$ cat work-v1.txt   # compact mmCIF, C-alpha atoms
# COMPACT_ATOMS: atom_id res chain seq x y z
CA MET A 1 8.11 13.74 -0.67
CA ASN A 2 6.47 16.77 -2.15
CA LYS A 3 3.11 15.19 -1.58
CA MET A 4 1.53 18.51 -0.62
CA ILE A 5 2.81 20.46 -3.60
CA ALA A 6 2.20 17.58 -5.92
CA PHE A 7 -1.32 17.19 -4.61
CA GLY A 8 -2.13 20.76 -5.52
CA ALA A 9 -0.72 20.29 -9.00
CA ALA A 10 -2.51 17.00 -9.44
CA ALA A 11 -5.86 18.43 -8.44
CA VAL A 12 -5.52 21.05 -11.16
CA VAL A 13 -4.46 18.49 -13.75
CA ALA A 14 -7.24 16.09 -12.82
CA LEU A 15 -9.82 18.84 -13.10
CA ALA A 16 -8.45 20.01 -16.40
CA ILE A 17 -8.70 16.65 -18.09
CA GLY A 18 -11.52 15.09 -16.12
CA GLN A 19 -9.38 12.15 -15.12
CA ALA A 20 -11.06 9.63 -12.86
CA THR A 21 -9.16 9.54 -9.61
CA ALA A 22 -9.32 6.84 -7.01
CA ASP A 23 -11.33 7.15 -3.88
CA GLU A 24 -8.69 6.05 -1.39
CA GLU A 25 -11.25 6.02 1.42
CA ALA A 26 -13.70 3.63 -0.25
CA GLU A 27 -14.34 0.24 1.35
CA LEU A 28 -14.53 -3.02 -0.54
CA VAL A 29 -17.64 -5.10 0.07
CA ILE A 30 -18.55 -8.02 -2.20
CA ASP A 31 -21.90 -9.70 -1.70
CA GLY A 32 -22.18 -8.37 1.83
CA GLN A 33 -18.67 -9.58 2.72
CA ALA A 34 -16.32 -6.82 3.92
CA PHE A 35 -12.65 -6.97 2.90
CA VAL A 36 -9.64 -5.63 4.76
CA THR A 37 -8.01 -3.28 2.23
CA LYS A 38 -6.24 -1.10 4.78
CA LEU A 39 -4.57 -1.87 8.08
CA ASP A 40 -1.93 -0.55 10.42
CA ALA A 41 1.49 -1.95 9.64
CA PRO A 42 3.41 -3.86 12.29
CA ASP A 43 6.39 -2.08 13.84
CA ASP A 44 8.97 -3.88 11.75
CA SER A 45 7.25 -2.99 8.46
CA PRO A 46 8.86 -0.45 6.12
CA LEU A 47 5.34 0.86 5.43
CA PRO A 48 3.32 3.13 7.74
CA GLU A 49 0.10 1.41 6.72
CA ILE A 50 -0.77 -1.46 4.43
CA LEU A 51 -3.05 -0.73 1.50
CA SER A 52 -4.54 -3.05 -1.08
CA GLY A 53 -4.05 -2.19 -4.75
CA TRP A 54 -7.85 -1.95 -4.96
CA ARG A 55 -7.70 1.36 -3.08
CA PHE A 56 -5.66 2.94 -5.87
CA ARG A 57 -7.88 2.05 -8.77
CA ASN A 58 -10.39 4.49 -10.20
CA SER A 59 -13.98 4.39 -9.03
CA GLU A 60 -15.29 2.46 -12.04
CA THR A 61 -12.70 -0.29 -11.73
CA GLN A 62 -13.25 -0.42 -7.97
CA GLU A 63 -16.94 -0.82 -8.46
CA LEU A 64 -16.68 -3.54 -11.09
CA GLN A 65 -14.81 -5.63 -8.55
CA THR A 66 -17.63 -5.37 -6.03
CA ASP A 67 -19.98 -7.24 -8.34
CA ASP A 68 -19.10 -10.81 -9.31
CA PHE A 69 -21.42 -10.61 -12.30
CA GLU A 70 -19.57 -7.60 -13.65
CA ASN A 71 -16.04 -8.68 -12.76
CA PRO A 72 -14.62 -10.32 -15.91
CA ALA A 73 -12.06 -12.19 -13.80
CA MET A 74 -14.90 -14.34 -12.46
CA ILE A 75 -15.33 -15.91 -15.89
CA PHE A 76 -11.86 -17.38 -15.50
CA ALA A 77 -12.65 -18.66 -12.03
CA GLU A 78 -15.70 -20.40 -13.52
CA TYR A 79 -13.54 -21.97 -16.21
CA GLY A 80 -11.25 -23.10 -13.39
CA GLU A 81 -14.21 -24.75 -11.70
CA GLU A 82 -14.89 -26.70 -14.89
CA LEU A 83 -11.27 -27.79 -15.12
CA TRP A 84 -11.39 -28.86 -11.48
CA ALA A 85 -13.92 -31.51 -12.40
CA THR A 86 -12.32 -32.58 -15.70
CA ALA A 87 -10.47 -35.91 -15.85
CA GLU A 88 -6.93 -35.52 -17.20
CA GLY A 89 -3.68 -37.36 -17.75
CA GLU A 90 -2.79 -41.05 -17.71
CA THR A 91 -4.58 -41.70 -14.46
CA GLY A 92 -7.81 -40.26 -15.85
CA LYS A 93 -8.49 -38.45 -12.61
CA SER A 94 -9.84 -34.96 -12.08
CA CYS A 95 -8.71 -32.65 -9.30
CA ALA A 96 -12.09 -33.25 -7.68
CA ASP A 97 -11.52 -37.01 -7.61
CA CYS A 98 -8.71 -36.52 -5.10
CA HIS A 99 -9.51 -33.19 -3.47
CA GLY A 100 -13.29 -33.23 -3.43
CA ASP A 101 -15.01 -29.95 -2.81
CA ALA A 102 -12.51 -27.16 -3.47
CA SER A 103 -14.32 -24.79 -1.14
CA GLU A 104 -13.18 -27.05 1.69
CA SER A 105 -9.93 -28.64 0.53
CA MET A 106 -8.46 -25.53 -1.09
CA ARG A 107 -9.67 -23.00 1.45
CA GLY A 108 -6.77 -20.96 2.82
CA LEU A 109 -4.17 -22.25 0.35
CA ARG A 110 -3.82 -19.03 -1.64
CA ALA A 111 -3.50 -17.00 1.56
CA SER A 112 -0.38 -18.95 2.52
CA MET A 113 1.37 -18.84 -0.87
CA PRO A 114 4.20 -19.18 -1.63
CA ARG A 115 4.88 -22.00 0.81
CA TRP A 116 7.59 -24.55 1.48
CA HIS A 117 7.10 -27.89 -0.28
CA GLU A 118 8.57 -30.75 1.73
CA GLY A 119 8.55 -33.29 -1.12
CA LYS A 120 10.42 -31.09 -3.56
CA ASP A 121 12.34 -29.33 -0.82
CA THR A 122 11.84 -25.89 -2.29
CA LEU A 123 9.53 -22.88 -2.11
CA PHE A 124 6.35 -23.42 -4.12
CA THR A 125 4.01 -20.89 -5.67
CA LEU A 126 0.39 -21.85 -6.31
CA GLU A 127 1.33 -22.55 -9.92
CA ASP A 128 4.06 -24.93 -8.75
CA HIS A 129 1.60 -26.80 -6.54
CA ILE A 130 -0.85 -27.19 -9.39
CA ASN A 131 1.74 -28.48 -11.84
CA TRP A 132 3.27 -30.79 -9.26
CA SER A 133 -0.14 -32.34 -8.66
CA ARG A 134 -0.76 -32.67 -12.39
CA GLU A 135 2.51 -34.50 -12.89
CA GLU A 136 2.45 -36.51 -9.70
CA HIS A 137 -1.23 -37.45 -9.38
CA GLN A 138 -2.77 -37.07 -12.81
CA LYS A 139 0.30 -37.98 -14.82
CA ALA A 140 -0.65 -35.07 -17.01
CA LYS A 141 1.54 -32.52 -18.76
CA PRO A 142 2.23 -29.40 -16.72
CA TRP A 143 0.40 -26.28 -17.79
CA LYS A 144 2.40 -23.34 -19.12
CA TRP A 145 2.72 -20.58 -16.54
CA GLU A 146 0.67 -18.05 -18.48
CA SER A 147 -1.79 -20.50 -20.12
CA GLN A 148 -5.52 -19.86 -19.88
CA GLU A 149 -5.83 -23.11 -17.92
CA MET A 150 -3.26 -22.13 -15.31
CA LEU A 151 -4.76 -18.67 -14.94
CA ALA A 152 -8.23 -20.15 -14.59
CA MET A 153 -7.11 -22.70 -12.01
CA THR A 154 -5.13 -20.20 -9.92
CA ALA A 155 -8.15 -17.87 -10.04
CA TYR A 156 -10.49 -20.67 -8.94
CA ILE A 157 -8.27 -21.98 -6.15
CA GLY A 158 -7.53 -18.42 -5.06
CA LEU A 159 -11.23 -17.65 -4.89
CA GLN A 160 -11.59 -20.32 -2.18
CA SER A 161 -9.48 -18.08 0.09
CA ARG A 162 -11.23 -14.85 -0.82
CA GLY A 163 -11.67 -12.67 2.25
CA MET A 164 -9.11 -14.59 4.32
CA PRO A 165 -6.08 -12.70 5.61
CA VAL A 166 -2.76 -13.13 3.80
CA ALA A 167 -0.60 -15.20 6.16
CA VAL A 168 2.70 -16.42 4.72
CA LYS A 169 5.47 -18.12 6.64
CA THR A 170 8.80 -16.37 6.22
CA ASP A 171 10.83 -18.26 8.82
CA GLY A 172 12.45 -21.68 8.83
CA LYS A 173 13.37 -22.97 5.42
CA ALA A 174 11.64 -20.03 3.76
CA ALA A 175 13.92 -17.52 5.51
CA PRO A 176 16.69 -17.39 2.88
CA TRP A 177 14.04 -16.90 0.18
CA PHE A 178 12.56 -14.04 2.13
CA GLU A 179 16.01 -12.43 2.40
CA LYS A 180 16.64 -12.92 -1.31
CA GLY A 181 13.26 -11.39 -2.17
CA LYS A 182 14.00 -8.42 0.03
CA GLU A 183 17.36 -7.89 -1.60
CA LEU A 184 15.77 -7.98 -5.06
CA TYR A 185 13.10 -5.52 -3.95
CA TYR A 186 15.70 -2.91 -3.05
CA THR A 187 18.14 -3.51 -5.92
CA ARG A 188 18.25 -0.98 -8.73
CA VAL A 189 17.93 -2.51 -12.18
CA GLY A 190 17.57 -1.53 -15.82
CA GLN A 191 18.59 1.47 -17.86
CA LEU A 192 16.25 3.56 -15.71
CA ASP A 193 18.12 2.27 -12.67
CA MET A 194 15.21 1.87 -10.27
CA ALA A 195 14.24 -0.61 -7.59
CA CYS A 196 10.71 -1.78 -6.80
CA ALA A 197 10.94 0.31 -3.63
CA HIS A 198 11.37 3.56 -5.54
CA CYS A 199 7.90 3.29 -7.01
CA HIS A 200 5.98 1.12 -4.55
CA GLU A 201 7.44 2.11 -1.19
CA ASN A 202 8.56 5.72 -1.66
CA ASN A 203 5.93 6.87 -4.13
CA TYR A 204 2.68 5.00 -3.66
CA GLY A 205 -0.24 7.41 -3.88
CA ASN A 206 1.57 9.51 -6.48
CA MET A 207 0.74 9.61 -10.17
CA ILE A 208 3.50 8.50 -12.53
CA ARG A 209 2.20 9.85 -15.81
CA ALA A 210 -1.22 8.17 -16.21
CA ASP A 211 -0.64 5.51 -13.54
CA HIS A 212 -1.59 5.79 -9.91
CA LEU A 213 1.20 4.09 -7.99
CA SER A 214 0.10 1.53 -5.42
CA GLN A 215 2.13 -0.40 -2.86
CA GLY A 216 2.46 -3.28 -5.33
CA GLN A 217 0.51 -5.65 -3.08
CA ILE A 218 -0.22 -9.09 -4.48
CA ASN A 219 -3.40 -10.11 -2.64
CA GLY A 220 -5.58 -9.89 -5.77
CA PHE A 221 -3.58 -12.04 -8.21
CA PRO A 222 -4.13 -13.42 -10.76
CA VAL A 223 -5.94 -10.32 -12.02
CA TYR A 224 -8.03 -9.48 -15.03
CA ARG A 225 -6.38 -6.43 -16.53
CA LEU A 226 -8.31 -4.26 -18.97
CA LYS A 227 -5.03 -3.27 -20.63
CA TRP A 228 -4.17 -6.92 -21.21
CA GLN A 229 -7.76 -7.67 -22.22
CA GLY A 230 -7.38 -10.78 -20.21
CA MET A 231 -6.10 -12.49 -17.15
CA GLY A 232 -2.47 -12.30 -16.09
CA SER A 233 -0.27 -13.88 -13.46
CA LEU A 234 1.66 -12.09 -10.76
CA HIS A 235 4.94 -12.93 -12.45
CA ARG A 236 3.66 -11.34 -15.66
CA ARG A 237 3.13 -8.15 -13.66
CA PHE A 238 6.69 -8.37 -12.28
CA LYS A 239 7.98 -8.78 -15.82
CA GLY A 240 5.95 -5.74 -16.92
CA CYS A 241 7.47 -3.57 -14.21
CA MET A 242 10.98 -4.72 -15.10
CA ASP A 243 10.36 -4.16 -18.83
CA ASN A 244 9.17 -0.64 -18.05
CA ILE A 245 12.44 0.26 -16.40
CA ARG A 246 14.28 -1.38 -19.31
CA ALA A 247 15.64 -4.25 -17.26
CA THR A 248 16.00 -7.88 -18.33
CA PRO A 249 13.19 -9.54 -16.42
CA TYR A 250 13.63 -12.84 -14.62
CA LYS A 251 11.63 -15.77 -16.00
CA ARG A 252 8.15 -16.51 -14.78
CA GLY A 253 8.44 -19.19 -12.14
CA SER A 254 12.15 -18.45 -11.57
CA ASP A 255 13.62 -18.61 -8.08
CA GLU A 256 14.03 -14.83 -8.21
CA PHE A 257 10.36 -14.13 -8.90
CA THR A 258 9.30 -16.74 -6.35
CA ALA A 259 11.48 -15.08 -3.73
CA LEU A 260 10.06 -11.67 -4.65
CA GLU A 261 6.56 -13.12 -4.39
CA LEU A 262 7.23 -14.34 -0.85
CA TYR A 263 8.71 -11.02 0.19
CA LEU A 264 5.80 -9.05 -1.28
CA ALA A 265 3.26 -11.38 0.33
CA SER A 266 4.91 -10.72 3.68
CA ARG A 267 4.56 -6.97 3.18
CA GLY A 268 0.83 -7.49 2.84
CA GLN A 269 0.21 -9.83 5.79
CA GLY A 270 -3.32 -9.29 7.04
CA LEU A 271 -4.82 -7.89 3.84
CA SER A 272 -7.79 -9.93 2.62
CA VAL A 273 -7.19 -12.16 -0.36
CA GLU A 274 -9.12 -10.57 -3.26
CA THR A 275 -8.39 -13.12 -5.96
CA PRO A 276 -9.46 -12.80 -8.70
CA SER A 277 -9.41 -9.03 -8.89
CA LEU A 278 -9.66 -6.44 -11.59
CA ARG A 279 -7.14 -3.86 -12.80
CA ASN A 280 -7.21 -1.16 -15.48
CA MET B 1 23.13 5.48 -56.63
CA LYS B 2 25.58 8.36 -56.62
CA LEU B 3 23.17 10.46 -54.66
CA VAL B 4 22.75 7.82 -51.99
CA ALA B 5 26.51 7.44 -51.61
CA ALA B 6 26.97 11.17 -51.38
CA THR B 7 24.37 11.52 -48.64
CA ALA B 8 25.84 8.60 -46.75
CA LEU B 9 29.24 10.25 -46.92
CA ALA B 10 27.86 13.58 -45.78
CA LEU B 11 26.13 11.84 -42.90
CA LEU B 12 29.32 10.09 -41.89
CA MET B 13 31.28 13.31 -41.97
CA GLY B 14 28.61 15.09 -40.01
CA LEU B 15 28.62 12.36 -37.43
CA SER B 16 32.36 12.29 -36.96
CA ALA B 17 32.48 16.06 -36.73
CA ALA B 18 29.91 15.95 -33.94
CA SER B 19 31.50 13.05 -32.09
CA ALA B 20 34.89 14.74 -32.13
CA GLN B 21 33.57 17.29 -29.68
CA MET B 22 31.11 15.06 -27.90
CA VAL B 23 31.79 14.29 -24.26
CA LYS B 24 31.35 10.56 -23.72
CA PRO B 25 29.18 9.49 -20.77
CA GLY B 26 32.21 7.97 -19.04
CA ASP B 27 34.17 11.24 -19.32
CA VAL B 28 31.60 13.41 -17.59
CA THR B 29 32.68 14.76 -14.21
CA ILE B 30 30.17 16.55 -12.06
CA VAL B 31 31.80 18.91 -9.58
CA ASP B 32 29.77 20.39 -6.72
CA GLY B 33 26.53 19.46 -8.47
CA ALA B 34 27.41 21.31 -11.65
CA LEU B 35 28.61 20.55 -15.17
CA SER B 36 29.52 23.71 -17.04
CA GLN B 37 30.90 22.13 -20.21
CA SER B 38 28.36 21.51 -22.96
CA LEU B 39 28.22 17.84 -23.93
CA THR B 40 28.37 18.65 -27.65
CA GLY B 41 29.76 22.13 -28.05
CA GLN B 42 26.53 22.90 -29.91
CA PRO B 43 23.79 25.05 -28.40
CA GLY B 44 20.66 23.20 -27.35
CA ASP B 45 17.34 23.73 -29.12
CA PRO B 46 14.60 24.47 -26.58
CA ALA B 47 11.78 23.53 -29.00
CA GLN B 48 13.33 20.08 -29.45
CA GLY B 49 13.99 19.89 -25.71
CA ARG B 50 10.30 20.46 -25.05
CA LYS B 51 9.53 17.42 -27.22
CA TRP B 52 12.06 15.18 -25.45
CA PHE B 53 10.63 16.38 -22.14
CA MET B 54 7.20 14.97 -22.90
CA GLY B 55 8.15 12.08 -25.19
CA ARG B 56 7.26 8.80 -23.55
CA LYS B 57 10.11 6.95 -25.24
CA LEU B 58 12.69 9.67 -24.49
CA GLY B 59 13.04 11.88 -21.45
CA ASN B 60 9.49 11.27 -20.30
CA CYS B 61 10.19 13.93 -17.69
CA LEU B 62 6.45 14.60 -17.57
CA ALA B 63 5.94 11.13 -16.09
CA CYS B 64 7.31 12.45 -12.82
CA HIS B 65 7.23 16.26 -13.06
CA ALA B 66 4.25 18.56 -13.51
CA ASN B 67 4.97 21.54 -15.76
CA ARG B 68 2.48 24.33 -16.52
CA ASP B 69 4.15 25.08 -19.86
CA LEU B 70 2.73 21.72 -20.99
CA ALA B 71 -0.76 22.27 -19.56
CA ASP B 72 -2.25 21.03 -22.84
CA GLN B 73 -0.72 17.59 -22.21
CA PRO B 74 -2.62 15.12 -20.02
CA TYR B 75 -1.12 13.20 -17.09
CA HIS B 76 1.58 15.16 -15.34
CA GLY B 77 3.45 13.15 -12.74
CA GLU B 78 3.67 13.77 -8.99
CA VAL B 79 6.82 11.82 -8.22
CA GLY B 80 9.21 14.77 -8.54
CA PRO B 81 8.71 18.49 -7.81
CA PRO B 82 6.86 20.62 -10.40
CA LEU B 83 9.40 22.25 -12.69
CA ASP B 84 7.72 25.65 -13.07
CA GLY B 85 10.35 28.32 -12.48
CA VAL B 86 13.16 25.77 -12.31
CA ALA B 87 15.51 28.13 -14.22
CA GLY B 88 15.27 30.55 -11.30
CA ARG B 89 16.27 27.89 -8.78
CA TRP B 90 19.20 26.33 -10.65
CA SER B 91 21.92 27.55 -13.00
CA GLU B 92 22.47 26.02 -16.42
CA PRO B 93 25.52 23.98 -15.28
CA GLU B 94 23.48 22.64 -12.36
CA LEU B 95 20.53 21.70 -14.56
CA ARG B 96 22.87 19.92 -16.98
CA ALA B 97 24.34 17.95 -14.07
CA ILE B 98 20.86 17.01 -12.79
CA VAL B 99 19.77 15.70 -16.18
CA VAL B 100 23.06 13.92 -16.89
CA ASN B 101 23.25 12.14 -13.53
CA SER B 102 20.84 13.14 -10.81
CA LYS B 103 22.46 10.67 -8.43
CA ALA B 104 25.71 12.60 -8.55
CA ALA B 105 24.04 16.03 -8.73
CA LEU B 106 21.16 15.74 -6.25
CA HIS B 107 21.41 12.71 -4.01
CA GLU B 108 22.28 9.04 -4.29
CA ASP B 109 18.88 7.59 -3.47
CA THR B 110 16.86 9.56 -5.98
CA ILE B 111 14.36 7.74 -8.19
CA MET B 112 15.21 10.10 -11.06
CA PRO B 113 17.10 8.25 -13.80
CA ALA B 114 20.50 9.44 -14.99
CA PHE B 115 19.86 10.38 -18.60
CA TYR B 116 23.45 10.39 -19.80
CA ARG B 117 25.11 7.41 -18.23
CA GLU B 118 25.61 3.84 -19.46
CA ALA B 119 28.01 2.21 -17.04
CA GLY B 120 27.49 0.82 -13.56
CA LEU B 121 23.95 -0.38 -14.26
CA ASN B 122 22.36 -3.74 -13.45
CA ARG B 123 20.52 -6.19 -15.75
CA VAL B 124 19.94 -3.64 -18.48
CA ALA B 125 17.70 -5.06 -21.24
CA ASP B 126 19.82 -6.12 -24.25
CA LYS B 127 18.30 -3.45 -26.47
CA PHE B 128 19.61 -0.69 -24.20
CA VAL B 129 23.00 -2.04 -23.16
CA GLY B 130 25.73 0.55 -23.62
CA LYS B 131 23.18 3.23 -24.49
CA THR B 132 22.21 6.37 -22.67
CA ILE B 133 18.53 7.34 -22.31
CA LEU B 134 19.12 10.64 -24.09
CA SER B 135 21.86 11.48 -26.58
CA ALA B 136 24.35 14.22 -25.78
CA GLN B 137 22.50 16.66 -28.04
CA GLN B 138 19.13 15.71 -26.56
CA VAL B 139 20.50 16.49 -23.09
CA GLU B 140 21.61 19.90 -24.34
CA ASP B 141 18.15 20.44 -25.88
CA VAL B 142 16.39 19.54 -22.63
CA VAL B 143 18.69 21.80 -20.59
CA SER B 144 18.05 24.73 -22.94
CA TYR B 145 14.33 24.05 -22.60
CA LEU B 146 14.54 23.99 -18.79
CA MET B 147 16.30 27.37 -18.98
CA THR B 148 13.08 28.79 -20.50
CA LEU B 149 11.02 27.76 -17.44
CA LYS B 150 11.42 31.00 -15.55
CA GLU B 151 7.96 31.65 -14.20
CA ASN B 152 7.02 30.19 -10.86
$ encode --input "work-v1.txt" --output "structure tokens"
Amino acid sequence: MNKMIAFGAAAVVALAIGQATADEEAELVIDGQAFVTKLDAPDDSPLPEILSGWRFRNSETQELQTDDFENPAMIFAEYGEELWATAEGETGKSCADCHGDASESMRGLRASMPRWHEGKDTLFTLEDHINWSREEHQKAKPWKWESQEMLAMTAYIGLQSRGMPVAVKTDGKAAPWFEKGKELYYTRVGQLDMACAHCHENNYGNMIRADHLSQGQINGFPVYRLKWQGMGSLHRRFKGCMDNIRATPYKRGSDEFTALELYLASRGQGLSVETPSLRN
Amino acid sequence: MKLVAATALALLMGLSAASAQMVKPGDVTIVDGALSQSLTGQPGDPAQGRKWFMGRKLGNCLACHANRDLADQPYHGEVGPPLDGVAGRWSEPELRAIVVNSKAALHEDTIMPAFYREAGLNRVADKFVGKTILSAQQVEDVVSYLMTLKEN
């Protein structure tokens, strides 16, 4: 709504304060590899087109992500690579001892997350998979959701799917989770009484104070966020959005956030995985 | 010691005098998109209202609405319509209704928060349970400020 009027107003404001605006037509290429950051939405999508969060960032942030030497998130992926080869737990095994070369064994995993786990009979995020393997195979203590180790490992494993299209399964046993995630997405919460959809479906492309609203796609997580001066998980971002509207957030790793994650992933089917990406 | 007690007493009296006339959030009834009764019986202060309008922790109206009167402030939002000349488009009772509860005054699906409502909300953070975003007097201040926005 009011995009035309608002655009005029925004242009004036942006000029007046020299604010860096995003180039929504830019294309993301990293090391010669082209990424899908925009695609036509399927007929049953609530969105007219699907846009990566990268498209909404300002030019400097966009550019930093095109260069792995400049992208601070890559430092975490490198730490993850170290951890991959580090022996841990009672069994004294490293991830590499069982899974070998991550670029082969972990390729495509992030693109399909969250995914049904037969053994535990529940929907698993990437974090859940990692901790399950630590407990089951390494006999090591699980990592805390937001620990540097977990962020590094999710960044490293995610990197093995970089450039692959997001392709989550929402049918079968995952179906009720998808429905739950959808319900949460459209439910108003907090003192400000807003749903995710109000900002990310009805208003993407608009400025909300100093923030350029995106579609809230999740293909780049975990991300390095300049504001956090560090890496953060997707569920930390969810919590941030809920805190902003003065709602009581769900816990990281909760069923609610896992269901939301599945639903959001499904809204971004076909976007390239960009993990680990950069945000301001 | 005496002084402190005296001020506390004065404060208490002041408060109860104000709350005697204050319309509680639950008692507000918006009819045909308008609310003619002042929430406090006190006139609003437009200079204060201007502050609440841009205050990030208060109305934060600027987050969503551009407003030329605040051209010196960075980052005007694009989520709602610009509010230049809004006093020419709406009457005071209508503006009060919009600020108090935009869902009742404008339409049910609006993103705009209801600034004077505390019931019927979901999962409100503990700190804000039972509280309205703006106080009754702050609503009156904002409305009186909006009434100064005459120029398109």
$ atom_distance --input "work-v1.txt" --atom1 "CA of Glu81 in chain A" --atom2 "CA of Cys95 in chain A"
9.9 Å
$ closest_residue --input "work-v1.txt" --among "B:Asp32, B:Glu118, B:Glu94, B:Glu108" --to "chain A" --atoms "all atoms listed in the file"
B:Glu118
$ closest_residue --input "work-v1.txt" --among "A:Cys199, A:Met150, A:Leu28, A:Leu64" --to "Tyr186 in chain A" --atoms "only C-alpha atoms"
A:Cys199
$ interface_residues --input "work-v1.txt" --of "chain A" --to "chain B" --cutoff "6 Å" --atoms "all atoms listed in the file" --output "PDB file with C-alpha atoms, in the frame of the given file"
ATOM      1  CA  ALA A   6       2.200  17.580  -5.920  1.00  0.00           C
ATOM      2  CA  VAL A 189      17.930  -2.510 -12.180  1.00  0.00           C
ATOM      3  CA  GLY A 190      17.570  -1.530 -15.820  1.00  0.00           C
ATOM      4  CA  GLN A 191      18.590   1.470 -17.860  1.00  0.00           C
ATOM      5  CA  LEU A 192      16.250   3.560 -15.710  1.00  0.00           C
ATOM      6  CA  HIS A 198      11.370   3.560  -5.540  1.00  0.00           C
ATOM      7  CA  ASN A 206       1.570   9.510  -6.480  1.00  0.00           C
ATOM      8  CA  MET A 207       0.740   9.610 -10.170  1.00  0.00           C
ATOM      9  CA  ILE A 208       3.500   8.500 -12.530  1.00  0.00           C
ATOM     10  CA  ARG A 209       2.200   9.850 -15.810  1.00  0.00           C
ATOM     11  CA  ALA A 210      -1.220   8.170 -16.210  1.00  0.00           C
ATOM     12  CA  ARG A 246      14.280  -1.380 -19.310  1.00  0.00           C
ATOM     13  CA  ALA A 247      15.640  -4.250 -17.260  1.00  0.00           C
ATOM     14  CA  THR A 248      16.000  -7.880 -18.330  1.00  0.00           C
TER      15      THR A 248
END
$ residues_around --input "work-v1.txt" --residues "Pro142 in chain A" --least-positions-apart "2" --cutoff "12 Å" --atoms "all atoms listed in the file" --output "list in words"
Glu88, Gly89, Glu127, Asp128, His129, Ile130, Asn131, Trp132, Ser133, Arg134, Glu135, Glu136, His137, Gln138, Lys139, Ala140, Lys144, Trp145, Glu146, Ser147, Glu149 and Met150 of chain A
$ closest_residue --input "work-v1.txt" --among "A:Ala102, A:Ile50, A:Ile218, A:Val166" --to "Leu264 in chain A" --atoms "all atoms listed in the file"
A:Ile218
$ closest_residue --input "work-v1.txt" --among "A:Ala34, A:Arg252, A:Glu179, A:Gly158" --to "Leu109 in chain A" --atoms "only C-alpha atoms"
A:Gly158
$ atom_distance --input "work-v1.txt" --atom1 "CA of Ala73 in chain A" --atom2 "CA of Ile157 in chain A"
13.0 Å
$ closest_residue --input "work-v1.txt" --among "B:Gly41, B:Lys51, B:Asp69, B:Ala87" --to "Glu140 in chain B" --atoms "only C-alpha atoms"
B:Gly41
$ residues_around --input "work-v1.txt" --residues "Phe221 in chain A" --least-positions-apart "2" --cutoff "7 Å" --atoms "all atoms listed in the file" --output "PyMOL selection string"
chain A and resi 218-219+223+233-234+275-277
$ atom_distance --input "work-v1.txt" --atom1 "CA of Gly26 in chain B" --atom2 "CA of Tyr250 in chain A"
28.2 Å
$ closest_residue --input "work-v1.txt" --among "A:Thr154, A:Gln33, A:Thr187, A:Thr170" --to "Trp84 in chain A" --atoms "only C-alpha atoms"
A:Thr154
$ residues_around --input "work-v1.txt" --residues "Ser38 in chain B" --least-positions-apart "4" --cutoff "12 Å" --atoms "only C-alpha atoms" --output "PyMOL selection string"
chain B and resi 21-24+28-29+34+42-44+92-97+100+136-141+143-144
